[in-house]
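These notes concern the structure reproduced below.
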Amino acid sequence: MVSTGVTTVKSSVPYQVFLNLDVFYALFYTLAEILIFIFKGVNLPYPFGVLAAEVILILVLLGLQQLRIHIGKRGNLGEKNIAIILSIVLTIPAALGLVFILIWQTYVLRVEVILSAIGLAMILFQTIFGIVALSSISRGSASPAPPPANAAVPQTNAGTAKTN
């Protein structure tokens with residue numbers, strides 16, 4: 001089989017766009033939550049150690065989100081199935097962290113409900129587009145791309161060799 005040098009890009013643009021948007025949203029979310037926790041720490045009575053634990057959860061969530069996003073971006077651009085799968089699996093603890101902030105923390109403000117709902121929607125879209133990208137990459141790796149119709153076929157001179 002002759003290689004024509006034509007490659008098909010199978011990475012997903014919508015998945016990459018949502019991953020890039022979530023980099024900035026995760027940073028914004030963390031900054032907003034830290035400011036909210038400062039407000040809550042000053043104005044609301046917290047049991048000993050609970051406020052610190054919730055702030056630590058926010059920082060761990062940021063690290064987890066950035067790791068998940070980085071792995072997803074590298075997997076999408078490199079068309080690596082295992083990286084996209086790992087990014088989708090890391091979505092579960094990230095979503096649980098957002099649900100904790102949305103429902104189970106000591107005091108939940110309306111702005112936190114809105115911010116967490118947006119974060120969960122971002123994760124949902126990333127998961128959907130990640131699964132689509134995964135299926136596209138998996139489907140494309142099973143069979144090589146056909147050569148274009150206008151590709152020149154190299155000619156060989158195998159039949160014209162002289163023998164003495």
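Please note that chains go A, B, ... in the order of the structure tokens, that every chain numbers its residues from 1, and that ligands are numbered from 1 in the order shown.
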
**Study point:** Shell of 9 Å around Ile131 in chain A, only C-alpha atoms, local chain residues under 5 positions omitted, as JSON, numbers by chain
**Key:** {"A": [84, 85, 88, 126, 136]}

Written file, previous selection with all heavy atoms, as a PDB file, in the first residue's frame:
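Saved result, part28.pdb, follows:
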```pdb
ATOM      1  N   ILE A  84      -8.824  10.836  26.737  1.00  0.00           N
ATOM      2  CA  ILE A  84     -10.207  11.330  26.743  1.00  0.00           C
ATOM      3  C   ILE A  84     -11.045  10.526  27.738  1.00  0.00           C
ATOM      4  O   ILE A  84     -11.855  11.091  28.470  1.00  0.00           O
ATOM      5  CB  ILE A  84     -10.812  11.296  25.324  1.00  0.00           C
ATOM      6  CG1 ILE A  84     -10.059  12.270  24.415  1.00  0.00           C
ATOM      7  CG2 ILE A  84     -12.291  11.658  25.358  1.00  0.00           C
ATOM      8  CD1 ILE A  84     -10.473  12.217  22.967  1.00  0.00           C
ATOM      9  N   ILE A  85     -10.828   9.225  27.778  1.00  0.00           N
ATOM     10  CA  ILE A  85     -11.559   8.392  28.748  1.00  0.00           C
ATOM     11  C   ILE A  85     -11.211   8.821  30.169  1.00  0.00           C
ATOM     12  O   ILE A  85     -12.098   8.954  31.020  1.00  0.00           O
ATOM     13  CB  ILE A  85     -11.246   6.900  28.520  1.00  0.00           C
ATOM     14  CG1 ILE A  85     -11.859   6.425  27.205  1.00  0.00           C
ATOM     15  CG2 ILE A  85     -11.739   6.045  29.679  1.00  0.00           C
ATOM     16  CD1 ILE A  85     -11.407   5.052  26.760  1.00  0.00           C
ATOM     17  N   ILE A  88     -12.966  11.984  31.027  1.00  0.00           N
ATOM     18  CA  ILE A  88     -14.388  11.739  31.301  1.00  0.00           C
ATOM     19  C   ILE A  88     -14.573  11.099  32.676  1.00  0.00           C
ATOM     20  O   ILE A  88     -15.490  11.448  33.417  1.00  0.00           O
ATOM     21  CB  ILE A  88     -15.012  10.886  30.171  1.00  0.00           C
ATOM     22  CG1 ILE A  88     -15.071  11.697  28.876  1.00  0.00           C
ATOM     23  CG2 ILE A  88     -16.401  10.403  30.553  1.00  0.00           C
ATOM     24  CD1 ILE A  88     -15.453  10.908  27.642  1.00  0.00           C
ATOM     25  N   GLN A 126     -19.128  19.106  28.177  1.00  0.00           N
ATOM     26  CA  GLN A 126     -17.815  18.514  27.923  1.00  0.00           C
ATOM     27  C   GLN A 126     -17.889  16.994  27.873  1.00  0.00           C
ATOM     28  O   GLN A 126     -17.222  16.370  27.051  1.00  0.00           O
ATOM     29  CB  GLN A 126     -16.831  18.944  29.009  1.00  0.00           C
ATOM     30  CG  GLN A 126     -16.414  20.376  28.899  1.00  0.00           C
ATOM     31  CD  GLN A 126     -15.613  20.820  30.099  1.00  0.00           C
ATOM     32  OE1 GLN A 126     -15.072  20.008  30.832  1.00  0.00           O
ATOM     33  NE2 GLN A 126     -15.550  22.123  30.303  1.00  0.00           N
ATOM     34  N   SER A 136     -15.560   9.352  17.537  1.00  0.00           N
ATOM     35  CA  SER A 136     -14.990   9.772  16.256  1.00  0.00           C
ATOM     36  C   SER A 136     -13.551   9.288  16.105  1.00  0.00           C
ATOM     37  O   SER A 136     -13.168   8.784  15.050  1.00  0.00           O
ATOM     38  CB  SER A 136     -15.040  11.294  16.148  1.00  0.00           C
ATOM     39  OG  SER A 136     -14.333  11.741  15.020  1.00  0.00           O
TER      40      SER A 136
END
```

Point to revise | Distance query Phe37 in chain A at most 9 Å, only C-alpha atoms, self and fewer than 6 positions along chain excluded, as JSON, numbers by chain | key: {"A": [51, 54, 55]}

Cut-off 9 Å: closest range 59-101 of chain A/range 110-125 of chain A atom pairs per residue, using only C-alpha atoms, as a Markdown table:
```
| residue | atom | partner | partner_atom | distance |
| --- | --- | --- | --- | --- |
| A:Thr91 | CA | A:Ile123 | CA | 6.9 |
| A:Ala94 | CA | A:Ile123 | CA | 8.4 |
| A:Ala95 | CA | A:Leu120 | CA | 6.4 |
| A:Leu98 | CA | A:Ser116 | CA | 5.8 |
| A:Val99 | CA | A:Ser116 | CA | 7.4 |
| A:Ile101 | CA | A:Ser116 | CA | 7.1 |
```

Generate the output file for the selected residues, N, CA, C and O atoms, as a PDB file, in the first residue's frame.
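Printed below is out14.pdb as written:
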```pdb
ATOM      1  N   THR A  91     -14.365  13.520  35.401  1.00  0.00           N
ATOM      2  CA  THR A  91     -15.548  14.370  35.468  1.00  0.00           C
ATOM      3  C   THR A  91     -16.424  14.004  36.669  1.00  0.00           C
ATOM      4  O   THR A  91     -17.057  14.875  37.266  1.00  0.00           O
ATOM      5  N   ALA A  94     -15.226  15.684  39.879  1.00  0.00           N
ATOM      6  CA  ALA A  94     -15.396  17.130  39.697  1.00  0.00           C
ATOM      7  C   ALA A  94     -16.865  17.507  39.823  1.00  0.00           C
ATOM      8  O   ALA A  94     -17.204  18.508  40.475  1.00  0.00           O
ATOM      9  N   ALA A  95     -17.741  16.719  39.234  1.00  0.00           N
ATOM     10  CA  ALA A  95     -19.181  16.996  39.344  1.00  0.00           C
ATOM     11  C   ALA A  95     -19.653  16.825  40.785  1.00  0.00           C
ATOM     12  O   ALA A  95     -20.475  17.606  41.270  1.00  0.00           O
ATOM     13  N   LEU A  98     -18.782  19.919  42.719  1.00  0.00           N
ATOM     14  CA  LEU A  98     -19.711  21.007  42.425  1.00  0.00           C
ATOM     15  C   LEU A  98     -21.071  20.773  43.082  1.00  0.00           C
ATOM     16  O   LEU A  98     -21.708  21.709  43.566  1.00  0.00           O
ATOM     17  N   VAL A  99     -21.516  19.514  43.101  1.00  0.00           N
ATOM     18  CA  VAL A  99     -22.786  19.196  43.755  1.00  0.00           C
ATOM     19  C   VAL A  99     -22.679  19.444  45.260  1.00  0.00           C
ATOM     20  O   VAL A  99     -23.628  19.944  45.882  1.00  0.00           O
ATOM     21  N   ILE A 101     -20.858  21.715  46.718  1.00  0.00           N
ATOM     22  CA  ILE A 101     -20.956  23.163  46.903  1.00  0.00           C
ATOM     23  C   ILE A 101     -22.382  23.633  46.639  1.00  0.00           C
ATOM     24  O   ILE A 101     -22.886  24.524  47.316  1.00  0.00           O
TER      25      ILE A 101
END
```

**Study point:** Nearby residues (only C-alpha atoms) at most 10 Å from His70 in chain A, same-chain spacing under 2 positions excluded, as JSON, numbers by chain
**Key:** {"A": [19, 20, 23, 64, 65, 66, 67, 68, 72, 73, 74, 75, 76, 83, 87]}

Exercise for review: Please identify which residues in chain A DSSP calls alpha helix (DSSP H) from the backbone, and express them as a ChimeraX atom specification.
Suggested key: /A:13-43,50-78,81-99,110-142

Exercise for review: Report the distance between CA of Ile137 in chain A and CA of Glu79 in chain A in Å, rounded to one decimal place.
Suggested key: 6.2 Å

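Between CA of Leu96 in chain A and CA of Leu61 in chain A the interatomic distance comes to 9.5 Å.
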
Considering only C-alpha atoms, give me a table of residues in range 99-133 of chain A that are at most 10 Å from range 42-50 of chain A, with the closest atom pair and distance in Å for each, as JSON lines.
```
{"residue": "A:Gln105", "atom": "CA", "partner": "A:Val50", "partner_atom": "CA", "distance": 9.1}
{"residue": "A:Thr106", "atom": "CA", "partner": "A:Tyr46", "partner_atom": "CA", "distance": 7.8}
{"residue": "A:Tyr107", "atom": "CA", "partner": "A:Leu44", "partner_atom": "CA", "distance": 8.4}
```

Output the selection as a PDB file, in the first residue's frame - N, CA, C and O atoms for each residue.
```
ATOM      1  N   GLN A 105     -22.900  22.053  51.323  1.00  0.00           N
ATOM      2  CA  GLN A 105     -22.041  22.847  52.195  1.00  0.00           C
ATOM      3  C   GLN A 105     -22.871  23.501  53.297  1.00  0.00           C
ATOM      4  O   GLN A 105     -24.098  23.504  53.252  1.00  0.00           O
ATOM      5  N   THR A 106     -22.199  24.072  54.282  1.00  0.00           N
ATOM      6  CA  THR A 106     -22.888  24.597  55.462  1.00  0.00           C
ATOM      7  C   THR A 106     -23.886  25.694  55.107  1.00  0.00           C
ATOM      8  O   THR A 106     -25.051  25.641  55.494  1.00  0.00           O
ATOM      9  N   TYR A 107     -23.443  26.705  54.396  1.00  0.00           N
ATOM     10  CA  TYR A 107     -24.337  27.789  53.944  1.00  0.00           C
ATOM     11  C   TYR A 107     -24.200  27.905  52.437  1.00  0.00           C
ATOM     12  O   TYR A 107     -23.102  28.028  51.914  1.00  0.00           O
TER      13      TYR A 107
END
```

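Closest approach to Val9 in chain A from the set A:Leu77, A:Ala53, A:Ala32, A:Ile82 is made by A:Leu77, with distances taken over only C-alpha atoms.
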